[in-house]
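Asks: Contents of start-v3.cif (mmCIF, C-alpha atoms):
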data_my_file
loop_
_atom_site.label_atom_id
_atom_site.label_comp_id
_atom_site.auth_asym_id
_atom_site.auth_seq_id
_atom_site.Cartn_x
_atom_site.Cartn_y
_atom_site.Cartn_z
CA MET A 1 131.71 184.14 173.56
CA CYS A 2 130.61 180.47 173.67
CA LEU A 3 127.14 180.06 175.17
CA PRO A 4 124.98 176.93 175.42
CA GLU A 5 123.39 176.02 172.13
CA GLY A 6 120.47 178.29 171.15
CA MET A 7 121.04 180.81 173.95
CA ASP A 8 122.34 183.57 171.66
CA GLU A 9 118.98 183.60 169.84
CA LEU A 10 116.99 184.16 173.04
CA PHE A 11 119.35 186.16 175.26
CA GLU A 12 121.78 189.03 174.88
CA MET A 13 124.88 189.63 176.97
CA VAL A 14 124.58 192.81 178.99
CA ARG A 15 127.65 192.47 181.21
CA PHE A 16 130.85 190.44 181.46
CA GLU A 17 133.16 190.30 184.46
CA ARG A 18 136.44 188.46 184.89
CA THR A 19 138.01 187.92 188.30
CA ASP A 20 140.84 185.78 189.64
CA LYS A 21 138.28 183.17 190.68
CA ALA A 22 135.67 183.06 187.89
CA TYR A 23 134.09 184.46 184.74
CA ASP A 24 130.60 185.93 185.24
CA ILE A 25 128.26 186.62 182.31
CA TRP A 26 124.94 188.44 182.70
CA LEU A 27 122.30 187.62 180.09
CA ASP A 28 118.92 189.28 179.59
CA GLU A 29 116.11 187.85 177.49
CA LYS A 30 115.67 189.72 174.23
CA LYS A 31 112.61 191.97 174.03
CA LYS A 32 110.58 189.84 171.71
CA LEU A 33 106.83 189.20 171.91
CA SER A 34 104.97 186.29 170.39
CA ASP A 35 102.98 187.08 167.23
CA GLU A 36 99.70 187.05 169.15
CA ASP A 37 100.96 189.33 171.95
CA TYR A 38 102.64 191.65 169.43
CA ARG A 39 99.27 192.46 167.94
CA ASN A 40 97.80 193.14 171.42
CA PRO A 41 98.31 196.85 172.31
CA ASN A 42 97.67 196.08 176.00
CA ILE A 43 100.91 194.06 176.41
CA VAL A 44 103.82 196.21 177.67
CA ALA A 45 107.24 195.46 179.21
CA ARG A 46 107.39 195.41 183.00
CA GLY A 47 111.07 194.82 183.88
CA TYR A 48 112.79 191.49 184.53
CA THR A 49 112.58 188.45 186.77
CA GLU A 50 115.25 187.68 189.37
CA TYR A 51 118.53 186.26 188.03
CA THR A 52 118.98 182.49 187.79
CA THR A 53 122.63 181.41 187.99
CA ILE A 54 123.84 178.40 185.99
CA GLN A 55 127.39 177.04 185.86
CA ASP A 56 128.71 176.16 182.39
CA TYR A 57 131.99 174.80 180.94
CA PRO A 58 135.08 176.33 182.61
CA MET A 59 137.42 178.61 180.66
CA ARG A 60 141.16 178.86 181.25
CA GLY A 61 140.89 176.96 184.54
CA ARG A 62 138.13 179.17 185.97
CA PRO A 63 134.42 178.40 186.40
CA VAL A 64 131.92 180.21 184.16
CA TYR A 65 128.66 181.43 185.69
CA LEU A 66 125.73 182.49 183.52
CA HIS A 67 123.39 184.91 185.33
CA MET A 68 120.15 184.80 183.33
CA ARG A 69 116.85 186.64 183.70
CA LYS A 70 113.66 186.71 181.67
CA ASN A 71 111.40 189.59 180.65
CA LYS A 72 108.24 190.37 182.59
CA TRP A 73 105.22 191.53 180.59
CA TRP A 74 102.09 193.33 181.81
CA ASP A 75 98.67 192.81 180.26
CA LYS A 76 96.87 196.09 181.07
CA ALA A 77 93.50 194.62 180.15
CA THR A 78 93.68 191.77 182.72
CA ASN A 79 96.30 193.31 185.02
CA GLU A 80 98.29 190.04 184.70
CA ILE A 81 102.09 190.00 184.83
CA PHE A 82 103.66 187.07 183.01
CA SER A 83 106.88 185.71 181.46
CA TYR A 84 107.32 183.35 178.57
CA ASN A 85 108.04 179.75 179.47
CA LEU A 86 111.56 179.61 178.08
CA GLU A 87 113.65 176.54 178.84
CA LEU A 88 116.84 177.61 180.59
CA PRO A 89 119.94 175.57 179.67
CA ASN A 90 120.31 173.96 183.09
CA GLU A 91 119.84 170.25 183.75
CA GLU A 92 116.55 169.79 185.58
CA GLY A 93 117.01 170.00 189.34
CA THR A 94 120.61 171.24 189.10
CA ARG A 95 122.48 174.51 188.86
CA LEU A 96 124.65 173.25 185.97
CA SER A 97 124.02 173.56 182.25
CA ALA A 98 122.64 170.41 180.57
CA GLU A 99 125.58 170.26 178.13
CA PHE A 100 128.06 170.58 180.98
CA VAL A 101 126.29 167.87 183.00
CA ALA A 102 126.38 165.50 180.00
CA PHE A 103 130.11 166.20 179.62
CA LEU A 104 130.82 165.54 183.33
CA ASN A 105 128.67 162.41 183.21
CA MET A 106 130.73 161.09 180.30
CA LYS A 107 133.97 161.87 182.15
CA VAL A 108 132.83 160.02 185.28
CA GLU A 109 131.89 156.93 183.26
CA THR A 110 135.13 156.82 181.25
CA THR A 111 137.75 158.02 183.78
CA ALA A 112 139.00 155.93 186.71
CA LEU A 113 139.14 158.84 189.15
CA SER A 114 136.95 159.81 192.08
CA ILE A 115 133.87 161.84 191.12
CA LYS A 116 134.94 164.67 193.43
CA HIS A 117 138.31 164.88 191.70
CA ILE A 118 136.75 164.92 188.22
CA ALA A 119 134.32 167.67 189.26
CA GLN A 120 137.07 169.76 190.86
CA MET A 121 139.20 169.41 187.71
CA HIS A 122 136.36 171.18 185.87
CA CYS A 123 135.81 173.85 188.54
CA VAL A 124 132.67 172.30 190.05
CA ASN A 125 132.09 171.70 193.76
CA GLY A 126 133.19 168.09 194.21
CA LYS A 127 130.81 167.09 197.01
CA TYR A 128 127.84 168.68 195.24
CA PHE A 129 128.44 166.85 191.96
CA ALA A 130 129.29 163.52 193.67
CA ASP A 131 125.92 163.60 195.47
CA LEU A 132 124.17 164.76 192.30
CA TYR A 133 125.68 161.94 190.22
CA ARG A 134 125.01 159.21 192.77
CA ASN A 135 121.44 160.19 193.65
CA LYS A 136 120.10 161.64 190.38
CA LEU A 137 122.18 161.37 187.22
CA SER A 138 123.64 157.86 187.29
CA GLY A 139 120.59 155.66 187.76
CA TYR A 140 122.48 153.92 190.57
CA ALA A 141 119.39 153.12 192.69
CA GLU A 142 117.67 151.45 189.73
CA TRP A 143 120.86 149.54 188.88
CA CYS A 144 121.06 148.16 192.42
CA LYS A 145 117.50 146.84 192.15
CA ASN A 146 117.96 145.28 188.71
CA GLU A 147 121.63 144.31 188.44
CA LEU A 148 122.97 143.82 191.98
CA CYS A 149 119.81 142.57 193.66
CA CYS A 150 121.29 139.09 194.27
CA GLY A 151 124.57 140.43 195.70
CA PHE A 152 126.69 139.88 192.56
CA TYR A 153 127.05 141.36 189.07
CA PHE A 154 126.87 139.39 185.82
CA ASN A 155 126.80 140.52 182.18
CA GLY A 156 126.37 137.70 179.68
CA ALA A 157 127.12 140.04 176.76
CA ASN A 158 130.75 140.15 177.89
CA ILE A 159 131.26 136.36 177.81
CA GLY A 160 133.61 135.56 174.92
CA PRO A 161 135.73 132.64 173.73
CA TYR A 162 138.79 133.70 175.74
CA MET A 163 138.27 134.54 179.42
CA SER A 164 140.34 135.13 182.57
CA LEU A 165 139.54 134.41 186.22
CA ASP A 166 141.17 136.04 189.24
CA GLU A 167 140.44 137.43 192.70
CA THR A 168 141.01 140.93 194.09
CA CYS A 169 140.79 142.43 197.55
CA LEU A 170 138.46 145.47 197.62
CA SER A 171 138.86 146.62 201.23
CA ASN A 172 139.19 145.32 204.80
CA GLY A 173 140.09 141.86 203.57
CA GLU A 174 136.93 141.53 201.46
CA VAL A 175 137.90 139.50 198.38
CA TRP A 176 135.86 139.41 195.15
CA THR A 177 136.21 137.09 192.18
CA PHE A 178 136.31 138.77 188.76
CA LEU A 179 135.59 137.05 185.45
CA THR A 180 136.97 139.12 182.58
CA ASN A 181 136.98 138.94 178.78
CA LYS A 182 140.41 139.15 177.12
CA ASP A 183 138.87 140.72 174.01
CA GLY A 184 137.84 143.74 176.11
CA HIS A 185 141.54 144.71 176.37
CA GLY A 186 140.98 146.28 179.79
CA GLY A 187 138.28 148.73 178.63
CA ARG A 188 134.55 148.58 178.02
CA GLY A 189 133.37 145.01 177.54
CA THR A 190 136.02 143.53 179.87
CA LEU A 191 134.12 142.81 183.10
CA ALA A 192 131.72 139.87 182.77
CA ALA A 193 131.12 138.98 186.42
CA ALA A 194 131.97 140.29 189.89
CA ILE A 195 131.15 137.90 192.73
CA PRO A 196 131.92 138.33 196.45
CA GLY A 197 134.19 135.69 197.98
CA THR A 198 136.36 132.92 196.58
CA LYS A 199 134.49 129.81 197.75
CA SER A 200 134.41 127.57 194.73
CA ASP A 201 131.04 125.92 195.47
CA GLU A 202 129.24 129.25 195.81
CA ILE A 203 130.83 130.82 192.74
CA ILE A 204 130.23 127.72 190.60
CA SER A 205 126.56 127.74 191.64
CA ILE A 206 126.19 131.47 190.85
CA LEU A 207 127.86 131.28 187.43
CA ILE A 208 126.03 128.13 186.32
CA GLY A 209 122.75 129.71 187.45
CA ALA A 210 123.49 132.96 185.60
CA MET A 211 124.64 131.35 182.33
CA GLY A 212 122.91 128.93 180.00
CA LYS A 213 124.75 125.83 178.88
CA SER A 214 125.24 127.19 175.37
CA LEU A 215 126.92 130.36 176.70
CA ARG A 216 129.28 128.33 178.86
CA ARG A 217 130.05 126.04 175.92
CA ASN A 218 131.17 129.01 173.80
CA VAL A 219 134.18 129.66 176.06
CA ARG A 220 137.17 127.90 174.49
CA GLU A 221 139.93 128.93 176.88
CA ILE A 222 140.13 130.34 180.40
CA THR A 223 143.32 131.39 182.18
CA CYS A 224 143.85 131.53 185.94
CA ASP A 225 146.62 131.34 188.52
CA LEU A 226 147.57 128.19 190.44
CA SER A 227 144.85 128.65 193.07
CA PRO A 228 142.92 125.36 193.51
CA SER A 229 139.70 127.35 193.98
CA MET A 230 140.11 129.28 190.71
CA MET A 231 141.04 126.13 188.79
CA LEU A 232 138.02 124.24 190.13
CA ILE A 233 135.68 127.11 189.17
CA ALA A 234 137.18 127.35 185.68
CA GLY A 235 136.95 123.62 185.05
CA GLU A 236 133.43 123.13 186.42
CA VAL A 237 131.75 126.17 184.89
CA PHE A 238 133.47 126.22 181.49
CA TYR A 239 133.50 122.48 180.90
CA ASN A 240 134.26 122.86 177.17
CA ALA A 241 137.27 125.19 177.64
CA HIS A 242 140.99 124.54 178.03
CA VAL A 243 142.07 125.69 181.50
CA VAL A 244 145.49 127.37 181.33
CA ASN A 245 147.74 128.10 184.31
CA ASP A 246 149.52 131.42 184.00
CA ARG A 247 153.17 130.84 183.03
CA PHE A 248 154.39 133.70 185.23
CA HIS A 249 152.83 132.14 188.33
CA VAL A 250 154.54 128.85 187.44
CA GLN A 251 157.90 130.62 187.05
CA GLN A 252 157.26 132.46 190.32
CA VAL A 253 156.89 129.14 192.19
CA TYR A 254 160.31 128.05 190.92
CA ASN A 255 161.91 131.47 191.60
CA GLU A 256 160.62 131.34 195.18
CA ALA A 257 162.29 127.94 195.61
CA VAL A 258 165.61 129.36 194.33
CA ASP A 259 165.27 132.29 196.72
CA GLU A 260 164.57 129.88 199.58
CA ILE A 261 167.97 128.25 198.93
CA ARG A 262 169.64 131.70 198.99
CA VAL A 263 167.91 132.59 202.29
CA ASP A 264 168.83 129.25 203.89
CA ILE A 265 172.51 129.74 203.00
CA ARG A 266 172.44 133.28 204.41
CA ARG A 267 170.81 132.10 207.65
CA GLN A 268 173.53 129.48 208.02
CA LEU A 269 176.22 132.16 207.54
CA ILE A 270 174.54 134.41 210.12
CA ALA A 271 174.52 131.53 212.63
CA GLU A 272 178.24 130.90 211.97
CA ASP A 273 178.95 134.63 212.22
CA ASN A 274 177.34 134.77 215.67
CA ILE A 275 179.89 132.31 217.09
CA ARG A 276 182.85 133.77 215.16
CA ASP A 277 185.66 135.53 217.02
CA LYS A 278 184.71 139.18 216.62
CA SER A 279 188.32 140.31 216.93
CA GLU A 280 188.95 138.94 213.45
CA PRO A 281 187.57 141.00 210.54
CA PRO A 282 184.98 139.26 208.30
CA VAL A 283 186.21 137.82 205.01
CA THR A 284 185.65 140.07 202.02
CA TYR A 285 185.80 139.01 198.39
CA SER A 286 187.14 140.58 195.18
CA ASN A 287 184.17 142.97 194.94
CA GLY A 288 184.75 144.28 198.48
CA GLU A 289 181.64 142.61 199.97
CA THR A 290 181.24 139.87 202.55
CA MET A 291 179.39 136.71 201.56
CA ARG A 292 176.41 137.78 203.71
CA GLN A 293 176.25 141.04 201.75
CA ILE A 294 176.59 139.22 198.43
CA LEU A 295 173.71 136.89 199.34
CA ALA A 296 171.52 139.73 200.59
CA ARG A 297 172.08 141.75 197.39
CA SER A 298 171.63 138.86 194.95
CA LYS A 299 167.87 138.29 195.33
CA HIS A 300 166.85 140.12 192.17
CA THR A 301 170.01 139.08 190.31
CA LEU A 302 168.95 135.43 190.56
CA MET A 303 165.61 136.24 188.90
CA MET A 304 167.06 138.16 185.96
CA ALA A 305 168.48 136.94 182.66
CA GLN A 306 172.28 137.23 182.44
CA ASN A 307 172.10 139.67 179.51
CA LYS A 308 170.31 142.13 181.82
CA TRP A 309 172.90 142.00 184.60
CA THR A 310 175.03 145.05 185.31
CA ASP A 311 178.79 144.60 185.70
CA THR A 312 178.36 144.73 189.49
CA GLN A 313 175.68 142.04 189.43
CA ARG A 314 177.77 139.88 187.08
CA HIS A 315 180.79 140.09 189.40
CA ARG A 316 178.63 139.32 192.44
CA ALA A 317 177.00 136.31 190.71
CA SER A 318 180.38 134.85 189.65
CA ILE A 319 181.55 134.86 193.30
CA LEU A 320 178.26 133.39 194.51
CA PHE A 321 178.23 130.60 191.93
CA LYS A 322 181.89 129.73 192.64
CA TYR A 323 181.24 129.06 196.35
CA TYR A 324 177.67 127.73 196.07
CA PRO A 325 177.27 125.53 192.95
CA ILE A 326 173.71 124.61 194.03
CA LEU A 327 172.66 128.21 193.39
CA LYS A 328 174.30 128.16 189.97
CA SER A 329 172.48 124.95 189.01
CA ALA A 330 169.16 126.29 190.33
CA TYR A 331 169.62 129.58 188.46
CA GLN A 332 170.44 127.79 185.20
CA LEU A 333 167.27 125.70 185.52
CA ALA A 334 165.24 128.88 186.14
CA MET A 335 166.57 130.34 182.88
CA GLU A 336 165.93 127.04 181.09
CA LEU A 337 162.29 127.09 182.25
CA ARG A 338 161.96 130.63 180.92
CA ARG A 339 163.44 129.59 177.57
CA ILE A 340 160.99 126.67 177.29
CA PHE A 341 158.05 129.00 177.88
CA ASN A 342 159.43 131.38 175.25
CA LEU A 343 159.55 128.64 172.59
CA LYS A 344 156.79 128.58 169.98
CA ILE A 345 156.26 124.83 169.98
CA SER A 346 153.33 122.42 170.13
CA PRO A 347 152.01 121.16 173.50
CA THR A 348 153.38 117.68 172.69
CA LYS A 349 156.95 118.97 172.17
CA ALA A 350 156.60 121.24 175.19
CA LEU A 351 155.62 118.26 177.34
CA GLY A 352 158.82 116.45 176.31
CA LYS A 353 160.99 119.47 177.16
CA MET A 354 159.18 120.02 180.44
CA ASN A 355 159.75 116.37 181.42
CA GLU A 356 163.49 116.73 180.75
CA TRP A 357 163.58 119.91 182.83
CA TYR A 358 161.58 118.24 185.60
CA GLU A 359 164.09 115.36 185.79
CA LYS A 360 166.92 117.89 186.23
CA VAL A 361 165.05 119.57 189.10
CA MET A 362 164.51 116.17 190.74
CA ALA A 363 168.23 115.41 190.34
CA LEU A 364 169.16 118.49 192.41
CA GLY A 365 167.63 116.70 195.40
CA ASN A 366 167.07 119.93 197.36
CA SER A 367 164.10 120.09 199.74
CA SER A 368 163.35 123.67 198.63
CA PHE A 369 162.01 122.28 195.35
CA ARG A 370 159.24 120.25 196.97
CA SER A 371 156.64 122.90 196.10
CA VAL A 372 157.91 122.99 192.50
CA ILE A 373 157.68 119.20 192.15
CA LYS A 374 154.19 119.20 193.72
CA THR A 375 153.02 121.99 191.38
CA PHE A 376 154.18 120.18 188.25
CA LYS A 377 152.72 116.87 189.42
CA ASN A 378 149.29 118.41 190.11
CA HIS A 379 149.05 120.90 187.25
CA ALA A 380 151.08 119.49 184.36
CA PRO A 381 148.16 119.37 181.83
CA THR A 382 147.00 122.94 182.57
CA ILE A 383 150.59 124.23 182.50
CA ILE A 384 151.16 122.58 179.09
CA ASN A 385 147.89 124.13 177.79
CA TYR A 386 149.81 127.41 177.67
CA PHE A 387 151.49 126.24 174.45
CA ARG A 388 148.15 126.00 172.59
CA ARG A 389 147.80 129.78 172.23
CA ARG A 390 150.54 131.08 174.55
CA ALA A 391 147.80 132.66 176.66
CA THR A 392 148.66 134.12 180.08
CA ASN A 393 146.63 135.64 182.88
CA ALA A 394 148.28 139.03 182.28
CA SER A 395 144.97 140.63 181.24
CA ALA A 396 143.39 139.65 184.57
CA GLU A 397 146.43 140.89 186.51
CA ALA A 398 146.28 144.18 184.59
CA PHE A 399 142.57 144.49 185.40
CA ASN A 400 143.31 143.83 189.09
CA SER A 401 145.96 146.53 188.98
CA LYS A 402 143.41 148.98 187.54
CA VAL A 403 140.96 148.09 190.31
CA LYS A 404 143.65 148.68 192.97
CA ILE A 405 144.70 152.02 191.46
CA PHE A 406 141.06 153.08 191.22
CA ARG A 407 140.54 152.02 194.84
CA SER A 408 143.48 154.18 195.93
CA GLN A 409 142.09 157.12 193.91
CA MET A 410 138.83 156.69 195.84
CA ARG A 411 140.85 156.55 199.10
CA GLY A 412 139.44 153.13 199.89
CA VAL A 413 136.06 151.51 199.35
CA ARG A 414 133.52 153.09 201.68
CA ASP A 415 130.44 152.09 199.69
CA ARG A 416 131.10 148.68 198.18
CA ASP A 417 128.01 148.56 195.95
CA PHE A 418 128.68 152.01 194.49
CA PHE A 419 132.32 151.05 193.88
CA ILE A 420 131.15 147.99 191.90
CA PHE A 421 128.72 150.29 190.01
CA ARG A 422 131.61 152.56 189.01
CA LEU A 423 133.66 149.52 187.89
CA VAL A 424 130.72 148.32 185.79
CA LYS A 425 130.38 151.75 184.11
CA LEU A 426 134.10 151.85 183.37
CA TYR A 427 134.78 148.25 182.36
CA ALA A 428 131.50 146.43 181.62
#
Can you turn what I pasted into structure tokens?

Replies:
Amino acid sequence: MCLPEGMDELFEMVRFERTDKAYDIWLDEKKKLSDEDYRNPNIVARGYTEYTTIQDYPMRGRPVYLHMRKNKWWDKATNEIFSYNLELPNEEGTRLSAEFVAFLNMKVETTALSIKHIAQMHCVNGKYFADLYRNKLSGYAEWCKNELCCGFYFNGANIGPYMSLDETCLSNGEVWTFLTNKDGHGGRGTLAAAIPGTKSDEIISILIGAMGKSLRRNVREITCDLSPSMMLIAGEVFYNAHVVNDRFHVQQVYNEAVDEIRVDIRRQLIAEDNIRDKSEPPVTYSNGETMRQILARSKHTLMMAQNKWTDTQRHRASILFKYYPILKSAYQLAMELRRIFNLKISPTKALGKMNEWYEKVMALGNSSFRSVIKTFKNHAPTIINYFRRRATNASAEAFNSKVKIFRSQMRGVRDRDFFIFRLVKLYA
């Protein structure tokens, strides 16, 4: 039988009971006097104290309860009844063994699950341990005073040469800005700063105030999306770093323009269909679908590489491109942009290829590409910076995904500060 360390030297098992709900072990202190009391003929045994129940590690999916009692001794000369001051294996102020508490504590600080769920997985009352962790074990109150006293979190030790910047919604529309270290790989050492809001002026002021100039100078590269606010923060705070726009956000802007063309064509067909003589059946094509159906079912096809198309998608695309050459040209340019980003070339060569691609987009002359043209005009240098190290904002997006999954595990963010505390324990 596995007992807490050192217990088998002081206690002996007198009873063991197994039920469908739990394992119960009764332990009595061994009849052993101290050397001084052993030589005193007036010291005699006088029964036991009341049982103290402590919960230990579960076994086979059932909780284990240790029912422990100590010896009572009677000194006939002084008529005093006493017990030895043995340290029971429970964590002070709890009904759980110290080893078990340390194990649960480690689980809470390394597992992105709610505390109640972690406790229940190990056969402990979830509400009891959640309150115990928050109010006693975690040091949360002290952390709030020292680390979150100004309303934001910052850890300079997690500032590295390669950083990412992004925003995430915690709950009820409350958006926080997260600064993360790529070298943390989504684990400990990832989260460097968590700041409420996305206002560039406020965030710039906070980060510059929290970091010395030398620390900011050490950052060589910072990735972000195409948000003007994020780009301004990155450029102002990390003045020595290359700001890189995430390639996938750039591709998304172009893909949205292609999809806008598809939607406009479909709307036009719907308008024509509304005035069509309903006695005549709609025109179907060689795959058995109407053009409205083909357009509706081609959204994802137009964002995929041809080598990933199924036979059905290939047939559908061939019909679509035959009747709407603008979609074929737009799709080909989307694939060309992807190929450029996949090339391992210098920024100078990439700029030349991007300029050629840009001229082709301009030549299409479609109003749907206005946002694409505007994006490349405004962000060309930061888009080209991708080719320095081929860095993306994927690490920040992955971190945001972890935050969202963790938020759903917690069933929303009821206590914002404690949620940030849990994120810090897991990722900072």

Asks: Using all atoms listed in the file, find the one residue out of A:Ile54, A:Ala396, A:Met68, A:Ala428 that sits nearest to Asp28 of chain A.

Replies: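 Ranked by minimum distance to Asp28 of chain A, first place goes to A:Met68.
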
Asks: Using all atoms listed in the file, which protein or nucleic acid residues come within 8 Å of segment 324-332 of chain A? Drop anything in the same chain fewer than 4 positions from it, and give the result as a VMD selection string.

Replies: chain A and resid 258 261 to 262 302 to 303 320 336 361 364

Asks: Box for segment 352-362 of chain A: with edges along x, y and z, all listed atoms inside and 3 Å added on each side, what are the centre and edge lengths in Å to one decimal, as AutoDock Vina command-line options?

Replies:
--center_x 162.9 --center_y 117.7 --center_z 183.5 --size_x 14.1 --size_y 10.7 --size_z 20.4

Asks: On this file, the PyMOL selection byres ((chain A and resi 129) around 10) gives some set of residues; write that set as a ChimeraX atom specification.

Replies: /A:94,96,101,104-105,115-116,118-120,124-128,130-137

Asks: Since I can't run it myself right now, could you work out what the PyMOL selection byres ((chain A and resi 185-200) around 6) selects here and report it as an mmCIF file with C-alpha atoms, in the coordinates of the input?

Replies:
data_model
loop_
_atom_site.group_PDB
_atom_site.id
_atom_site.type_symbol
_atom_site.label_atom_id
_atom_site.label_comp_id
_atom_site.auth_asym_id
_atom_site.auth_seq_id
_atom_site.Cartn_x
_atom_site.Cartn_y
_atom_site.Cartn_z
ATOM 1 C CA PHE A 152 126.690 139.880 192.560
ATOM 2 C CA TYR A 153 127.050 141.360 189.070
ATOM 3 C CA PHE A 154 126.870 139.390 185.820
ATOM 4 C CA ASN A 155 126.800 140.520 182.180
ATOM 5 C CA ASN A 158 130.750 140.150 177.890
ATOM 6 C CA VAL A 175 137.900 139.500 198.380
ATOM 7 C CA TRP A 176 135.860 139.410 195.150
ATOM 8 C CA THR A 177 136.210 137.090 192.180
ATOM 9 C CA PHE A 178 136.310 138.770 188.760
ATOM 10 C CA LEU A 179 135.590 137.050 185.450
ATOM 11 C CA THR A 180 136.970 139.120 182.580
ATOM 12 C CA ASN A 181 136.980 138.940 178.780
ATOM 13 C CA LYS A 182 140.410 139.150 177.120
ATOM 14 C CA ASP A 183 138.870 140.720 174.010
ATOM 15 C CA GLY A 184 137.840 143.740 176.110
ATOM 16 C CA ASP A 201 131.040 125.920 195.470
ATOM 17 C CA GLU A 202 129.240 129.250 195.810
ATOM 18 C CA ILE A 203 130.830 130.820 192.740
ATOM 19 C CA ILE A 204 130.230 127.720 190.600
ATOM 20 C CA SER A 229 139.700 127.350 193.980
ATOM 21 C CA ILE A 233 135.680 127.110 189.170
ATOM 22 C CA TYR A 427 134.780 148.250 182.360
ATOM 23 C CA ALA A 428 131.500 146.430 181.620
#

Asks: Evaluate the PyMOL selection byres ((chain A and resi 305-309) around 12) and record the selected residues as a CSV table (one decimal) with C-alpha atoms, in the coordinates of the input, following the chain and residue labels used in the document.

Replies:
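Written output follows (part_38.csv):
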chain,number,residue,atom,x,y,z
A,298,SER,CA,171.6,138.9,195.0
A,300,HIS,CA,166.8,140.1,192.2
A,301,THR,CA,170.0,139.1,190.3
A,302,LEU,CA,169.0,135.4,190.6
A,303,MET,CA,165.6,136.2,188.9
A,304,MET,CA,167.1,138.2,186.0
A,310,THR,CA,175.0,145.0,185.3
A,311,ASP,CA,178.8,144.6,185.7
A,312,THR,CA,178.4,144.7,189.5
A,313,GLN,CA,175.7,142.0,189.4
A,314,ARG,CA,177.8,139.9,187.1
A,315,HIS,CA,180.8,140.1,189.4
A,316,ARG,CA,178.6,139.3,192.4
A,317,ALA,CA,177.0,136.3,190.7
A,318,SER,CA,180.4,134.8,189.6
A,328,LYS,CA,174.3,128.2,190.0
A,331,TYR,CA,169.6,129.6,188.5
A,332,GLN,CA,170.4,127.8,185.2
A,333,LEU,CA,167.3,125.7,185.5
A,334,ALA,CA,165.2,128.9,186.1
A,335,MET,CA,166.6,130.3,182.9
A,336,GLU,CA,165.9,127.0,181.1
A,337,LEU,CA,162.3,127.1,182.2
A,338,ARG,CA,162.0,130.6,180.9
A,339,ARG,CA,163.4,129.6,177.6

Asks: Looking at A:Lys404, A:Arg247, A:His242, A:Arg297, which one is nearest to Met163 of chain A, with distances taken over only C-alpha atoms?

Replies: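 Result for the nearest residue to Met163 of chain A: A:His242.
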
Asks: Do you know which residues are at most 12 Å from Leu3 of chain A counting all atoms listed in the file, after dropping those on the same chain fewer than 2 positions away, and could you put them as number ranges by chain?

Replies: A: 1, 5-13, 25-27, 54-59, 64-68, 88-89, 97-100

Asks: Using atom CA of Arg95 of chain A and atom CA of Glu80 of chain A as the two end points, give the distance in Å to one decimal.

Replies: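 Separation between atom CA of Arg95 of chain A and atom CA of Glu80 of chain A: 29.0 Å.
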
Asks: Would you mind reading off the distance between atom CA of Arg267 of chain A and atom CA of Leu226 of chain A, one decimal, in Å?

Replies: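 Here the two named atoms are 29.2 Å from each other.
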
Asks: Between A:Asp246, A:Glu167, A:Asp417, A:Glu359, single out the one closest to Ser401 of chain A, counting all atoms listed in the file.

Replies: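 Ranking A:Asp246, A:Glu167, A:Asp417, A:Glu359 by distance to Ser401 of chain A, first place goes to A:Glu167.
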
Asks: Which polymer residues, whether protein, DNA or RNA, lie within 12 Å of the coordinate (133.9, 122.4, 182.0) when you count all atoms listed in the file? List them as a VMD selection string, using the chain letters and numbers from the file.

Replies: chain A and resid 204 208 213 to 222 231 to 243

Asks: Could you please take those selected residues and save C-alpha atoms as an mmCIF file, in the coordinates of the input?

Replies:
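The file below, selection39.cif, is the result:
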data_model
loop_
_atom_site.group_PDB
_atom_site.id
_atom_site.type_symbol
_atom_site.label_atom_id
_atom_site.label_comp_id
_atom_site.auth_asym_id
_atom_site.auth_seq_id
_atom_site.Cartn_x
_atom_site.Cartn_y
_atom_site.Cartn_z
ATOM 1 C CA ILE A 204 130.230 127.720 190.600
ATOM 2 C CA ILE A 208 126.030 128.130 186.320
ATOM 3 C CA LYS A 213 124.750 125.830 178.880
ATOM 4 C CA SER A 214 125.240 127.190 175.370
ATOM 5 C CA LEU A 215 126.920 130.360 176.700
ATOM 6 C CA ARG A 216 129.280 128.330 178.860
ATOM 7 C CA ARG A 217 130.050 126.040 175.920
ATOM 8 C CA ASN A 218 131.170 129.010 173.800
ATOM 9 C CA VAL A 219 134.180 129.660 176.060
ATOM 10 C CA ARG A 220 137.170 127.900 174.490
ATOM 11 C CA GLU A 221 139.930 128.930 176.880
ATOM 12 C CA ILE A 222 140.130 130.340 180.400
ATOM 13 C CA MET A 231 141.040 126.130 188.790
ATOM 14 C CA LEU A 232 138.020 124.240 190.130
ATOM 15 C CA ILE A 233 135.680 127.110 189.170
ATOM 16 C CA ALA A 234 137.180 127.350 185.680
ATOM 17 C CA GLY A 235 136.950 123.620 185.050
ATOM 18 C CA GLU A 236 133.430 123.130 186.420
ATOM 19 C CA VAL A 237 131.750 126.170 184.890
ATOM 20 C CA PHE A 238 133.470 126.220 181.490
ATOM 21 C CA TYR A 239 133.500 122.480 180.900
ATOM 22 C CA ASN A 240 134.260 122.860 177.170
ATOM 23 C CA ALA A 241 137.270 125.190 177.640
ATOM 24 C CA HIS A 242 140.990 124.540 178.030
ATOM 25 C CA VAL A 243 142.070 125.690 181.500
#

Asks: What's the separation between atom CA of Ile384 of chain A and atom CA of Leu207 of chain A, in Å to one decimal place?

Replies: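 So the two atoms, atom CA of Ile384 of chain A and atom CA of Leu207 of chain A, lie 26.2 Å apart.
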
Asks: Would you please work out which residue, of A:Met291, A:Thr49, A:Ser171, A:Cys150, is nearest to Lys322 of chain A when using only C-alpha atoms?

Replies: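 When distances to Lys322 of chain A are compared using only C-alpha atoms, the smallest one comes from A:Met291.
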
Asks: Rank A:Gly209, A:Gln293, A:Glu147, A:Leu170 by their smallest atom-to-atom distance to Lys402 of chain A, using all atoms listed in the file, and report the top residue only.

Replies: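 That would be A:Leu170, the residue with the smallest distance to Lys402 of chain A.
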